[in-house]
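*Asks:* Input run.tsv, format and content: TSV, C-alpha atoms.
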chain	number	residue	atom	x	y	z
A	608	MET	CA	41.06	1.02	-6.09
A	609	ARG	CA	38.01	0.30	-3.97
A	610	ALA	CA	35.87	-2.82	-4.18
A	611	LEU	CA	32.56	-3.83	-2.65
A	612	ASN	CA	32.92	-6.44	0.05
A	613	VAL	CA	29.78	-8.55	0.62
A	614	THR	CA	29.25	-10.14	4.04
A	615	ALA	CA	26.43	-12.38	5.27
A	616	MET	CA	24.86	-10.89	8.40
A	617	LYS	CA	21.59	-10.85	10.34
A	618	LYS	CA	19.29	-7.84	10.45
A	619	LEU	CA	17.41	-7.22	13.69
A	620	GLU	CA	14.43	-4.88	13.63
A	621	ILE	CA	13.41	-4.20	17.22
A	622	ILE	CA	10.16	-2.31	17.84
A	623	VAL	CA	9.56	-0.94	21.35
A	624	GLU	CA	7.92	2.00	23.06
A	625	GLY	CA	10.05	5.13	22.85
A	626	GLU	CA	10.65	5.21	26.60
A	627	GLN	CA	12.35	1.78	26.28
A	628	GLN	CA	14.75	2.84	23.49
A	629	GLY	CA	17.63	3.45	25.91
A	630	PHE	CA	17.50	-0.13	27.20
A	631	VAL	CA	17.67	-1.59	23.69
A	632	VAL	CA	20.47	0.72	22.55
A	633	ASP	CA	22.49	-0.06	25.69
A	634	LEU	CA	21.99	-3.80	25.12
A	635	LEU	CA	23.18	-3.53	21.51
A	636	ASP	CA	26.24	-1.54	22.58
A	637	ARG	CA	27.13	-4.04	25.32
A	638	ALA	CA	26.61	-6.97	22.94
A	639	GLY	CA	29.08	-5.49	20.45
A	640	ALA	CA	26.75	-4.33	17.67
A	641	GLY	CA	28.73	-1.97	15.46
A	642	GLY	CA	25.88	0.47	14.95
A	643	TYR	CA	22.15	0.91	14.54
A	644	THR	CA	19.51	3.16	13.03
A	645	ILE	CA	16.54	4.44	15.01
A	646	LEU	CA	13.22	5.24	13.33
A	647	HIS	CA	10.73	7.25	15.40
A	648	ASN	CA	6.96	7.75	15.29
A	649	LEU	CA	5.93	4.38	13.89
A	650	SER	CA	2.34	3.67	12.92
A	651	GLY	CA	0.78	0.24	12.65
A	652	LYS	CA	-1.42	-2.42	14.12
A	653	GLY	CA	-0.38	-5.36	16.28
A	654	THR	CA	-1.53	-7.51	19.16
A	655	HIS	CA	-1.60	-4.44	21.42
A	656	GLY	CA	-3.90	-2.56	19.00
A	657	VAL	CA	-3.47	0.34	16.62
A	658	HIS	CA	-0.55	2.72	17.08
A	659	MET	CA	-0.61	6.11	15.46
A	660	GLY	CA	2.73	7.77	14.86
A	661	HIS	CA	2.58	11.46	15.67
A	662	LEU	CA	4.96	14.21	16.50
A	663	MET	CA	5.28	14.85	20.21
A	664	PHE	CA	7.50	17.04	22.34
A	665	ASN	CA	9.31	13.85	23.33
A	666	ASP	CA	9.66	10.44	21.73
A	667	ASP	CA	8.75	8.45	24.85
A	668	SER	CA	5.07	8.19	23.91
A	669	VAL	CA	5.54	6.69	20.43
A	670	LEU	CA	6.87	3.46	18.99
A	671	VAL	CA	10.44	3.31	17.70
A	672	MET	CA	12.27	0.76	15.58
A	673	ILE	CA	15.96	0.11	16.16
A	674	VAL	CA	17.54	-1.57	13.13
A	675	THR	CA	20.96	-3.20	13.31
A	676	ALA	CA	23.03	-5.58	11.21
A	677	VAL	CA	25.11	-8.01	13.27
A	678	SER	CA	27.16	-11.15	12.79
A	679	VAL	CA	25.30	-14.42	13.34
A	680	ASP	CA	27.10	-15.07	16.63
A	681	LEU	CA	25.66	-11.89	18.20
A	682	VAL	CA	22.00	-12.75	17.54
A	683	ALA	CA	21.57	-15.26	20.40
A	684	PRO	CA	23.10	-13.00	23.10
A	685	ILE	CA	20.97	-10.05	21.96
A	686	LEU	CA	17.79	-12.14	21.96
A	687	GLU	CA	18.68	-13.55	25.39
A	688	GLY	CA	19.07	-10.00	26.69
A	689	LEU	CA	15.72	-8.98	25.22
A	690	THR	CA	13.77	-11.99	26.57
A	691	PRO	CA	13.28	-10.72	30.15
A	692	PHE	CA	12.53	-7.26	28.77
A	693	PHE	CA	9.73	-8.57	26.54
A	694	ASN	CA	8.29	-10.53	29.48
A	695	LYS	CA	7.48	-7.12	31.03
A	696	HIS	CA	7.13	-4.74	28.06
A	697	MET	CA	5.46	-4.80	24.68
A	698	GLY	CA	7.56	-5.07	21.56
A	699	VAL	CA	8.73	-7.36	18.80
A	700	VAL	CA	11.96	-8.41	17.10
A	701	PHE	CA	12.15	-9.35	13.42
A	702	THR	CA	15.28	-11.19	12.26
A	703	SER	CA	16.31	-11.77	8.67
A	704	ASP	CA	19.30	-12.94	6.69
A	705	ILE	CA	20.95	-10.12	4.75
A	706	GLN	CA	23.99	-9.41	2.62
A	707	VAL	CA	25.83	-6.23	3.60
A	708	SER	CA	28.00	-4.47	1.01
A	709	ARG	CA	30.63	-2.01	2.12
A	710	LEU	CA	33.45	-0.29	0.33
A	711	VAL	CA	36.82	-1.51	1.51
A	712	LYS	CA	40.23	-0.08	0.73
A	713	MET	CA	42.48	-2.37	-1.26
A	714	PRO	CA	46.23	-2.35	-0.58
A	715	SER	CA	48.24	0.01	-2.81
A	716	GLU	CA	50.08	-1.62	-5.66
Could you spell out this file's structure in structure tokens?
*Replies:*
Amino acid sequence: MRALNVTAMKKLEIIVEGEQQGFVVDLLDRAGAGGYTILHNLSGKGTHGVHMGHLMFNDDSVLVMIVTAVSVDLVAPILEGLTPFFNKHMGVVFTSDIQVSRLVKMPSE
């Protein structure tokens, strides 16, 4: 029988320019994040003005959001890796406490 396992984790939502996506993904991989989701063509308004999501031939010209759920101990190393990046590039990181539910296999009886 399968049961839902609930684990406390941190969600990081990292918004950067599309051309910077590779840096963020590489950082998450090196930090040990188990996975991530990438959302392209974001629209919104921030300190750098209005951004209009639109379809392009490449995703370098639009904003992307990389969403990941990580254990609490990975947050500080990821933020430390992003700090020098954000000193040179625009972007933002949102962090929040979440509960992640996953199906786990129970031992056979």
*Asks:* Let me have the centre and edge lengths in Å, one decimal, of the box along x, y and z around every listed atom of stretch 627-637 of chain A with 8 Å of margin on each side, as lines of an AutoDock Vina configuration file.
*Replies:*
center_x = 19.7
center_y = -0.3
center_z = 24.4
size_x = 30.8
size_y = 23.5
size_z = 21.7
*Asks:* Smallest atom-to-atom distance to A:Pro684: which of A:Leu635, A:Leu646, A:Ile621, A:Ala610, using only C-alpha atoms?
*Replies:*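 Looking at the shortest contact to A:Pro684, the residue is A:Leu635.
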*Asks:* So, with all atoms listed in the file as the atoms that count, which of A:Asn694, A:Gln627, A:Ser708, A:Thr614 lies closest to A:Val679?
*Replies:* A:Thr614
*Asks:* What's around A:Thr675 at 8 Å? Count all atoms listed in the file, leave out sequence neighbours fewer than 3 positions away in its own chain, and write the answer as number ranges by chain.
*Replies:* A: 618-620, 640, 642-644
*Asks:* Interatomic distance between atom CA of A:Ile622 and atom CA of A:Gly698?
*Replies:* 5.3 Å
*Asks:* Taking all atoms listed in the file into account, which of A:Phe692, A:Val682, A:Val700, A:Gln706 comes nearest A:Ala638?
*Replies:*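 Checking each candidate against A:Ala638, we get A:Val682 as the closest.
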*Asks:* Could you check which of A:Arg609, A:Arg637, A:Arg709, A:His647 is closest to A:Glu624, using all atoms listed in the file?
*Replies:*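 Checking each candidate against A:Glu624, we get A:His647 as the closest.
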*Asks:* I'd like to know which of A:Asp636, A:Val631, A:Pro691, A:Asp704 is closest to A:Ser678, using all atoms listed in the file.
*Replies:*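 Going through A:Asp636, A:Val631, A:Pro691, A:Asp704 one by one, the smallest distance to A:Ser678 is for A:Asp704.
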*Asks:* Distance atom CA of A:Leu649-atom CA of A:Val699, one decimal place?
*Replies:*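 Computing it gives 13.0 Å between the two atoms.
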*Asks:* Given only C-alpha atoms as the basis, pick out the residue of A:Phe701, A:Ile673, A:Lys617, A:Leu634 nearest to A:Gly688.
*Replies:*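 When distances to A:Gly688 are compared using only C-alpha atoms, the smallest one comes from A:Leu634.
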*Asks:* To one decimal place in Å, what is the distance between atom CA of A:Val677 and atom CA of A:Val707?
*Replies:*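 Calculated distance between atom CA of A:Val677 and atom CA of A:Val707 is 9.9 Å.
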